[in-house]
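Below is final_21.pdb, holding PDB, N, CA and C atoms, pLDDT in the B column.
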```
ATOM      1  N   MET R  14      56.599-257.893 188.117  1.00 58.00           N
ATOM      2  CA  MET R  14      57.606-257.814 189.146  1.00 58.00           C
ATOM      3  C   MET R  14      58.010-259.236 189.516  1.00 58.00           C
ATOM      4  N   LEU R  15      59.281-259.456 189.696  1.00 61.00           N
ATOM      5  CA  LEU R  15      59.838-260.760 190.029  1.00 61.00           C
ATOM      6  C   LEU R  15      59.798-260.962 191.535  1.00 61.00           C
ATOM      7  N   VAL R  16      59.174-262.061 191.969  1.00 63.00           N
ATOM      8  CA  VAL R  16      59.086-262.366 193.392  1.00 63.00           C
ATOM      9  C   VAL R  16      60.027-263.524 193.677  1.00 63.00           C
ATOM     10  N   ILE R  17      60.902-263.325 194.650  1.00 60.00           N
ATOM     11  CA  ILE R  17      61.872-264.351 195.001  1.00 60.00           C
ATOM     12  C   ILE R  17      61.583-264.833 196.409  1.00 60.00           C
ATOM     13  N   ASP R  18      61.518-266.156 196.554  1.00 60.00           N
ATOM     14  CA  ASP R  18      61.296-266.742 197.867  1.00 60.00           C
ATOM     15  C   ASP R  18      62.551-266.517 198.709  1.00 60.00           C
ATOM     16  N   GLU R  19      62.397-266.034 199.912  1.00 61.00           N
ATOM     17  CA  GLU R  19      63.526-265.697 200.777  1.00 61.00           C
ATOM     18  C   GLU R  19      64.325-266.926 201.183  1.00 61.00           C
ATOM     19  N   ASP R  20      63.687-268.095 201.248  1.00 62.00           N
ATOM     20  CA  ASP R  20      64.373-269.289 201.726  1.00 62.00           C
ATOM     21  C   ASP R  20      65.302-269.886 200.667  1.00 62.00           C
ATOM     22  N   LYS R  21      65.016-269.638 199.392  1.00 68.00           N
ATOM     23  CA  LYS R  21      65.814-270.214 198.322  1.00 68.00           C
ATOM     24  C   LYS R  21      66.889-269.230 197.900  1.00 68.00           C
ATOM     25  N   THR R  22      68.047-269.773 197.642  1.00 70.00           N
ATOM     26  CA  THR R  22      69.117-268.924 197.133  1.00 70.00           C
ATOM     27  C   THR R  22      69.316-269.263 195.666  1.00 70.00           C
ATOM     28  N   LEU R  23      69.424-268.267 194.845  1.00 66.00           N
ATOM     29  CA  LEU R  23      69.624-268.452 193.416  1.00 66.00           C
ATOM     30  C   LEU R  23      71.107-268.612 193.141  1.00 66.00           C
ATOM     31  N   THR R  24      71.436-269.565 192.296  1.00 84.00           N
ATOM     32  CA  THR R  24      72.839-269.756 191.953  1.00 84.00           C
ATOM     33  C   THR R  24      73.246-268.892 190.769  1.00 84.00           C
ATOM     34  N   SER R  25      72.284-268.414 190.025  1.00 88.00           N
ATOM     35  CA  SER R  25      72.560-267.539 188.893  1.00 88.00           C
ATOM     36  C   SER R  25      71.953-266.179 189.174  1.00 88.00           C
ATOM     37  N   PRO R  26      72.593-265.132 188.673  1.00 90.00           N
ATOM     38  CA  PRO R  26      72.028-263.794 188.870  1.00 90.00           C
ATOM     39  C   PRO R  26      70.702-263.648 188.109  1.00 90.00           C
ATOM     40  N   VAL R  27      69.787-262.897 188.671  1.00 89.00           N
ATOM     41  CA  VAL R  27      68.454-262.716 188.100  1.00 89.00           C
ATOM     42  C   VAL R  27      68.510-262.163 186.672  1.00 89.00           C
ATOM     43  N   PRO R  28      69.334-261.151 186.371  1.00 92.00           N
ATOM     44  CA  PRO R  28      69.370-260.661 184.985  1.00 92.00           C
ATOM     45  C   PRO R  28      69.782-261.741 183.977  1.00 92.00           C
ATOM     46  N   LYS R  29      70.695-262.598 184.395  1.00 94.00           N
ATOM     47  CA  LYS R  29      71.123-263.677 183.509  1.00 94.00           C
ATOM     48  C   LYS R  29      69.979-264.670 183.282  1.00 94.00           C
ATOM     49  N   LEU R  30      69.247-265.002 184.346  1.00 93.00           N
ATOM     50  CA  LEU R  30      68.091-265.878 184.229  1.00 93.00           C
ATOM     51  C   LEU R  30      67.029-265.249 183.345  1.00 93.00           C
ATOM     52  N   LEU R  31      66.805-263.960 183.532  1.00 95.00           N
ATOM     53  CA  LEU R  31      65.799-263.245 182.751  1.00 95.00           C
ATOM     54  C   LEU R  31      66.140-263.297 181.264  1.00 95.00           C
ATOM     55  N   ARG R  32      67.408-263.049 180.923  1.00 96.00           N
ATOM     56  CA  ARG R  32      67.835-263.133 179.512  1.00 96.00           C
ATOM     57  C   ARG R  32      67.610-264.545 178.966  1.00 96.00           C
ATOM     58  N   PHE R  33      67.941-265.553 179.775  1.00 95.00           N
ATOM     59  CA  PHE R  33      67.759-266.938 179.354  1.00 95.00           C
ATOM     60  C   PHE R  33      66.296-267.236 179.065  1.00 95.00           C
ATOM     61  N   PHE R  34      65.409-266.846 179.971  1.00 96.00           N
ATOM     62  CA  PHE R  34      63.989-267.138 179.792  1.00 96.00           C
ATOM     63  C   PHE R  34      63.404-266.384 178.605  1.00 96.00           C
ATOM     64  N   ILE R  35      63.822-265.147 178.421  1.00 97.00           N
ATOM     65  CA  ILE R  35      63.332-264.367 177.274  1.00 97.00           C
ATOM     66  C   ILE R  35      63.807-265.018 175.978  1.00 97.00           C
ATOM     67  N   ARG R  36      65.081-265.405 175.916  1.00 97.00           N
ATOM     68  CA  ARG R  36      65.617-266.050 174.722  1.00 97.00           C
ATOM     69  C   ARG R  36      64.892-267.381 174.468  1.00 97.00           C
ATOM     70  N   SER R  37      64.630-268.115 175.527  1.00 97.00           N
ATOM     71  CA  SER R  37      63.918-269.390 175.396  1.00 97.00           C
ATOM     72  C   SER R  37      62.512-269.165 174.856  1.00 97.00           C
ATOM     73  N   ARG R  38      61.794-268.194 175.416  1.00 97.00           N
ATOM     74  CA  ARG R  38      60.439-267.884 174.953  1.00 97.00           C
ATOM     75  C   ARG R  38      60.447-267.471 173.492  1.00 97.00           C
ATOM     76  N   ASN R  39      61.380-266.583 173.142  1.00 97.00           N
ATOM     77  CA  ASN R  39      61.450-266.132 171.754  1.00 97.00           C
ATOM     78  C   ASN R  39      61.781-267.284 170.807  1.00 97.00           C
ATOM     79  N   GLY R  40      62.576-268.232 171.279  1.00 97.00           N
ATOM     80  CA  GLY R  40      62.936-269.383 170.461  1.00 97.00           C
ATOM     81  C   GLY R  40      61.734-270.247 170.135  1.00 97.00           C
ATOM     82  N   TRP R  41      60.938-270.591 171.154  1.00 97.00           N
ATOM     83  CA  TRP R  41      59.787-271.455 170.851  1.00 97.00           C
ATOM     84  C   TRP R  41      58.714-270.722 170.078  1.00 97.00           C
ATOM     85  N   LYS R  42      58.613-269.397 170.273  1.00 98.00           N
ATOM     86  CA  LYS R  42      57.634-268.638 169.478  1.00 98.00           C
ATOM     87  C   LYS R  42      58.034-268.637 167.999  1.00 98.00           C
ATOM     88  N   GLU R  43      59.324-268.443 167.740  1.00 98.00           N
ATOM     89  CA  GLU R  43      59.797-268.446 166.358  1.00 98.00           C
ATOM     90  C   GLU R  43      59.625-269.833 165.740  1.00 98.00           C
ATOM     91  N   LYS R  44      59.902-270.864 166.507  1.00 98.00           N
ATOM     92  CA  LYS R  44      59.727-272.233 166.026  1.00 98.00           C
ATOM     93  C   LYS R  44      58.263-272.482 165.669  1.00 98.00           C
ATOM     94  N   CYS R  45      57.356-271.990 166.483  1.00 98.00           N
ATOM     95  CA  CYS R  45      55.924-272.142 166.231  1.00 98.00           C
ATOM     96  C   CYS R  45      55.518-271.388 164.968  1.00 98.00           C
ATOM     97  N   ARG R  46      56.028-270.163 164.808  1.00 98.00           N
ATOM     98  CA  ARG R  46      55.710-269.375 163.607  1.00 98.00           C
ATOM     99  C   ARG R  46      56.181-270.090 162.340  1.00 98.00           C
ATOM    100  N   LYS R  47      57.396-270.645 162.394  1.00 98.00           N
ATOM    101  CA  LYS R  47      57.922-271.352 161.223  1.00 98.00           C
ATOM    102  C   LYS R  47      57.092-272.596 160.920  1.00 98.00           C
ATOM    103  N   ALA R  48      56.705-273.325 161.963  1.00 98.00           N
ATOM    104  CA  ALA R  48      55.893-274.525 161.763  1.00 98.00           C
ATOM    105  C   ALA R  48      54.542-274.171 161.164  1.00 98.00           C
ATOM    106  N   LYS R  49      53.940-273.079 161.619  1.00 98.00           N
ATOM    107  CA  LYS R  49      52.656-272.642 161.059  1.00 98.00           C
ATOM    108  C   LYS R  49      52.807-272.263 159.591  1.00 98.00           C
ATOM    109  N   ALA R  50      53.916-271.595 159.258  1.00 98.00           N
ATOM    110  CA  ALA R  50      54.144-271.201 157.865  1.00 98.00           C
ATOM    111  C   ALA R  50      54.305-272.428 156.979  1.00 98.00           C
ATOM    112  N   VAL R  51      55.050-273.419 157.461  1.00 98.00           N
ATOM    113  CA  VAL R  51      55.237-274.653 156.690  1.00 98.00           C
ATOM    114  C   VAL R  51      53.895-275.363 156.516  1.00 98.00           C
ATOM    115  N   LEU R  52      53.116-275.437 157.586  1.00 98.00           N
ATOM    116  CA  LEU R  52      51.813-276.089 157.519  1.00 98.00           C
ATOM    117  C   LEU R  52      50.898-275.394 156.517  1.00 98.00           C
ATOM    118  N   LYS R  53      50.895-274.066 156.548  1.00 98.00           N
ATOM    119  CA  LYS R  53      50.047-273.318 155.621  1.00 98.00           C
ATOM    120  C   LYS R  53      50.484-273.559 154.176  1.00 98.00           C
ATOM    121  N   ARG R  54      51.806-273.567 153.946  1.00 98.00           N
ATOM    122  CA  ARG R  54      52.314-273.804 152.601  1.00 98.00           C
ATOM    123  C   ARG R  54      51.930-275.197 152.120  1.00 98.00           C
ATOM    124  N   LEU R  55      52.055-276.190 152.984  1.00 98.00           N
ATOM    125  CA  LEU R  55      51.702-277.555 152.604  1.00 98.00           C
ATOM    126  C   LEU R  55      50.206-277.708 152.348  1.00 98.00           C
ATOM    127  N   LYS R  56      49.375-277.036 153.152  1.00 98.00           N
ATOM    128  CA  LYS R  56      47.933-277.088 152.916  1.00 98.00           C
ATOM    129  C   LYS R  56      47.581-276.458 151.580  1.00 98.00           C
ATOM    130  N   ASN R  57      48.206-275.313 151.279  1.00 98.00           N
ATOM    131  CA  ASN R  57      47.938-274.648 149.999  1.00 98.00           C
ATOM    132  C   ASN R  57      48.399-275.521 148.835  1.00 98.00           C
ATOM    133  N   GLU R  58      49.547-276.167 148.993  1.00 98.00           N
ATOM    134  CA  GLU R  58      50.065-277.039 147.949  1.00 98.00           C
ATOM    135  C   GLU R  58      49.134-278.233 147.738  1.00 98.00           C
ATOM    136  N   ALA R  59      48.655-278.811 148.825  1.00 98.00           N
ATOM    137  CA  ALA R  59      47.732-279.949 148.724  1.00 98.00           C
ATOM    138  C   ALA R  59      46.440-279.521 148.034  1.00 98.00           C
ATOM    139  N   TYR R  60      45.943-278.331 148.365  1.00 98.00           N
ATOM    140  CA  TYR R  60      44.723-277.826 147.729  1.00 98.00           C
ATOM    141  C   TYR R  60      44.945-277.644 146.230  1.00 98.00           C
ATOM    142  N   ALA R  61      46.089-277.059 145.869  1.00 98.00           N
ATOM    143  CA  ALA R  61      46.383-276.828 144.452  1.00 98.00           C
ATOM    144  C   ALA R  61      46.504-278.152 143.705  1.00 98.00           C
ATOM    145  N   LEU R  62      47.146-279.139 144.326  1.00 98.00           N
ATOM    146  CA  LEU R  62      47.283-280.443 143.672  1.00 98.00           C
ATOM    147  C   LEU R  62      45.927-281.119 143.505  1.00 98.00           C
ATOM    148  N   ARG R  63      45.083-281.007 144.528  1.00 98.00           N
ATOM    149  CA  ARG R  63      43.746-281.601 144.455  1.00 98.00           C
ATOM    150  C   ARG R  63      42.942-280.942 143.336  1.00 98.00           C
ATOM    151  N   LYS R  64      43.024-279.626 143.261  1.00 98.00           N
ATOM    152  CA  LYS R  64      42.295-278.892 142.230  1.00 98.00           C
ATOM    153  C   LYS R  64      42.802-279.272 140.836  1.00 98.00           C
ATOM    154  N   SER R  65      44.108-279.374 140.697  1.00 98.00           N
ATOM    155  CA  SER R  65      44.699-279.754 139.414  1.00 98.00           C
ATOM    156  C   SER R  65      44.284-281.172 139.029  1.00 98.00           C
ATOM    157  N   ARG R  66      44.328-282.082 139.997  1.00 98.00           N
ATOM    158  CA  ARG R  66      43.946-283.474 139.737  1.00 98.00           C
ATOM    159  C   ARG R  66      42.495-283.553 139.283  1.00 98.00           C
ATOM    160  N   ASP R  67      41.622-282.797 139.950  1.00 97.00           N
ATOM    161  CA  ASP R  67      40.214-282.804 139.570  1.00 97.00           C
ATOM    162  C   ASP R  67      40.030-282.261 138.152  1.00 97.00           C
ATOM    163  N   GLY R  68      40.805-281.246 137.806  1.00 97.00           N
ATOM    164  CA  GLY R  68      40.731-280.703 136.447  1.00 97.00           C
ATOM    165  C   GLY R  68      41.159-281.726 135.406  1.00 97.00           C
ATOM    166  N   TRP R  69      42.255-282.448 135.700  1.00 98.00           N
ATOM    167  CA  TRP R  69      42.722-283.473 134.765  1.00 98.00           C
ATOM    168  C   TRP R  69      41.732-284.621 134.664  1.00 98.00           C
ATOM    169  N   LYS R  70      41.109-284.978 135.782  1.00 98.00           N
ATOM    170  CA  LYS R  70      40.097-286.040 135.745  1.00 98.00           C
ATOM    171  C   LYS R  70      38.934-285.638 134.852  1.00 98.00           C
ATOM    172  N   GLU R  71      38.492-284.407 134.993  1.00 97.00           N
ATOM    173  CA  GLU R  71      37.377-283.917 134.183  1.00 97.00           C
ATOM    174  C   GLU R  71      37.753-283.930 132.699  1.00 97.00           C
ATOM    175  N   LEU R  72      38.966-283.484 132.402  1.00 98.00           N
ATOM    176  CA  LEU R  72      39.425-283.494 131.010  1.00 98.00           C
ATOM    177  C   LEU R  72      39.475-284.923 130.462  1.00 98.00           C
ATOM    178  N   ALA R  73      39.974-285.856 131.271  1.00 98.00           N
ATOM    179  CA  ALA R  73      40.050-287.253 130.837  1.00 98.00           C
ATOM    180  C   ALA R  73      38.651-287.808 130.584  1.00 98.00           C
ATOM    181  N   LYS R  74      37.680-287.469 131.431  1.00 98.00           N
ATOM    182  CA  LYS R  74      36.300-287.936 131.222  1.00 98.00           C
ATOM    183  C   LYS R  74      35.729-287.374 129.927  1.00 98.00           C
ATOM    184  N   GLN R  75      35.977-286.088 129.678  1.00 98.00           N
ATOM    185  CA  GLN R  75      35.473-285.474 128.449  1.00 98.00           C
ATOM    186  C   GLN R  75      36.086-286.138 127.222  1.00 98.00           C
ATOM    187  N   GLN R  76      37.384-286.390 127.270  1.00 98.00           N
ATOM    188  CA  GLN R  76      38.040-287.008 126.125  1.00 98.00           C
ATOM    189  C   GLN R  76      37.594-288.456 125.943  1.00 98.00           C
ATOM    190  N   GLU R  77      37.318-289.137 127.027  1.00 98.00           N
ATOM    191  CA  GLU R  77      36.799-290.509 126.941  1.00 98.00           C
ATOM    192  C   GLU R  77      35.429-290.510 126.258  1.00 98.00           C
ATOM    193  N   GLN R  78      34.572-289.557 126.641  1.00 97.00           N
ATOM    194  CA  GLN R  78      33.262-289.447 126.007  1.00 97.00           C
ATOM    195  C   GLN R  78      33.401-289.139 124.518  1.00 97.00           C
ATOM    196  N   GLU R  79      34.310-288.232 124.191  1.00 97.00           N
ATOM    197  CA  GLU R  79      34.535-287.873 122.789  1.00 97.00           C
ATOM    198  C   GLU R  79      35.039-289.081 121.998  1.00 97.00           C
ATOM    199  N   LEU R  80      35.927-289.843 122.596  1.00 97.00           N
ATOM    200  CA  LEU R  80      36.455-291.038 121.949  1.00 97.00           C
ATOM    201  C   LEU R  80      35.346-292.060 121.701  1.00 97.00           C
ATOM    202  N   LYS R  81      34.495-292.273 122.699  1.00 97.00           N
ATOM    203  CA  LYS R  81      33.371-293.199 122.530  1.00 97.00           C
ATOM    204  C   LYS R  81      32.459-292.741 121.398  1.00 97.00           C
ATOM    205  N   GLN R  82      32.182-291.437 121.347  1.00 97.00           N
ATOM    206  CA  GLN R  82      31.319-290.888 120.303  1.00 97.00           C
ATOM    207  C   GLN R  82      31.940-291.096 118.931  1.00 97.00           C
ATOM    208  N   LEU R  83      33.232-290.843 118.800  1.00 96.00           N
ATOM    209  CA  LEU R  83      33.908-291.024 117.516  1.00 96.00           C
ATOM    210  C   LEU R  83      33.917-292.494 117.096  1.00 96.00           C
ATOM    211  N   ARG R  84      34.095-293.386 118.051  1.00 96.00           N
ATOM    212  CA  ARG R  84      34.076-294.817 117.726  1.00 96.00           C
ATOM    213  C   ARG R  84      32.683-295.245 117.251  1.00 96.00           C
ATOM    214  N   ARG R  85      31.640-294.715 117.927  1.00 95.00           N
ATOM    215  CA  ARG R  85      30.274-295.025 117.495  1.00 95.00           C
ATOM    216  C   ARG R  85      30.033-294.533 116.073  1.00 95.00           C
ATOM    217  N   GLU R  86      30.465-293.314 115.798  1.00 94.00           N
ATOM    218  CA  GLU R  86      30.292-292.749 114.454  1.00 94.00           C
ATOM    219  C   GLU R  86      31.035-293.577 113.413  1.00 94.00           C
ATOM    220  N   ARG R  87      32.234-294.023 113.747  1.00 94.00           N
ATOM    221  CA  ARG R  87      33.020-294.834 112.819  1.00 94.00           C
ATOM    222  C   ARG R  87      32.317-296.167 112.547  1.00 94.00           C
ATOM    223  N   GLU R  88      31.781-296.778 113.591  1.00 93.00           N
ATOM    224  CA  GLU R  88      31.069-298.050 113.410  1.00 93.00           C
ATOM    225  C   GLU R  88      29.815-297.843 112.563  1.00 93.00           C
ATOM    226  N   GLU R  89      29.112-296.728 112.788  1.00 91.00           N
ATOM    227  CA  GLU R  89      27.917-296.440 111.983  1.00 91.00           C
ATOM    228  C   GLU R  89      28.295-296.249 110.521  1.00 91.00           C
ATOM    229  N   GLN R  90      29.418-295.584 110.278  1.00 91.00           N
ATOM    230  CA  GLN R  90      29.857-295.369 108.903  1.00 91.00           C
ATOM    231  C   GLN R  90      30.229-296.688 108.238  1.00 91.00           C
ATOM    232  N   LYS R  91      30.871-297.575 109.025  1.00 88.00           N
ATOM    233  CA  LYS R  91      31.224-298.891 108.471  1.00 88.00           C
ATOM    234  C   LYS R  91      29.975-299.661 108.070  1.00 88.00           C
ATOM    235  N   LEU R  92      28.923-299.573 108.890  1.00 88.00           N
ATOM    236  CA  LEU R  92      27.695-300.301 108.600  1.00 88.00           C
ATOM    237  C   LEU R  92      26.970-299.709 107.383  1.00 88.00           C
ATOM    238  N   THR R  93      26.974-298.392 107.246  1.00 88.00           N
ATOM    239  CA  THR R  93      26.281-297.780 106.094  1.00 88.00           C
ATOM    240  C   THR R  93      27.057-297.966 104.807  1.00 88.00           C
ATOM    241  N   ILE R  94      28.366-297.998 104.882  1.00 84.00           N
ATOM    242  CA  ILE R  94      29.182-298.167 103.684  1.00 84.00           C
ATOM    243  C   ILE R  94      29.199-299.641 103.261  1.00 84.00           C
ATOM    244  N   GLY R  95      29.342-300.511 104.210  1.00 67.00           N
ATOM    245  CA  GLY R  95      29.506-301.936 103.931  1.00 67.00           C
ATOM    246  C   GLY R  95      28.259-302.626 103.641  1.00 67.00           C
TER
END
```

Could you express the structure from this file as structure tokens?
Amino acid sequence: MLVIDEDKTLTSPVPKLLRFFIRSRNGWKEKCRKAKAVLKRLKNEAYALRKSRDGWKELAKQQEQELKQLRREREEQKLTIG
């Protein structure tokens, strides 16, 4: 229930004020919902990028190890042949 102080006079009709406040409330709620959705999307994207980066790092480490092993084998072959 809306309580109005008797000493104050309103310059706008109460229904008009009520519509304004409801529209204002709905506006900031929608803005908050959109911001939360954007934040969630960005967090998910950051997680996916981090996971992908870690996968590529692991692959690069494995290939580096394989390369070192192949170089060692090649050097051993050079020594046994030469």

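For the pair atom N of Leu72 of chain R and atom N of Glu89 of chain R, the interatomic distance is 25.6 Å.
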
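Note that atom C of Ser65 of chain R and atom N of Val51 of chain R are 22.7 Å apart.
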
- Between atom N of Arg66 of chain R and atom N of Lys49 of chain R - distance in Å to one decimal: 25.3 Å

- Hey, what does DSSP flag as alpha helix (DSSP H) within chain R? Can you give it to me as JSON, numbers by chain? {"R": [27, 28, 29, 30, 31, 32, 33, 34, 35, 36, 37, 38, 39, 40, 41, 42, 43, 44, 45, 46, 47, 48, 49, 50, 51, 52, 53, 54, 55, 56, 57, 58, 59, 60, 61, 62, 63, 64, 65, 66, 67, 68, 69, 70, 71, 72, 73, 74, 75, 76, 77, 78, 79, 80, 81, 82, 83, 84, 85, 86, 87, 88, 89, 90, 91, 92, 93, 94]}

Using only the atoms of segment 78-87 of chain R listed in the file, plus 4 Å on each side, state the axis-aligned box centre and edge lengths in Å rounded to one decimal, as AutoDock Vina command-line options.
```
--center_x 33.2 --center_y -292.0 --center_z 119.6 --size_x 14.4 --size_y 16.3 --size_z 22.1
```
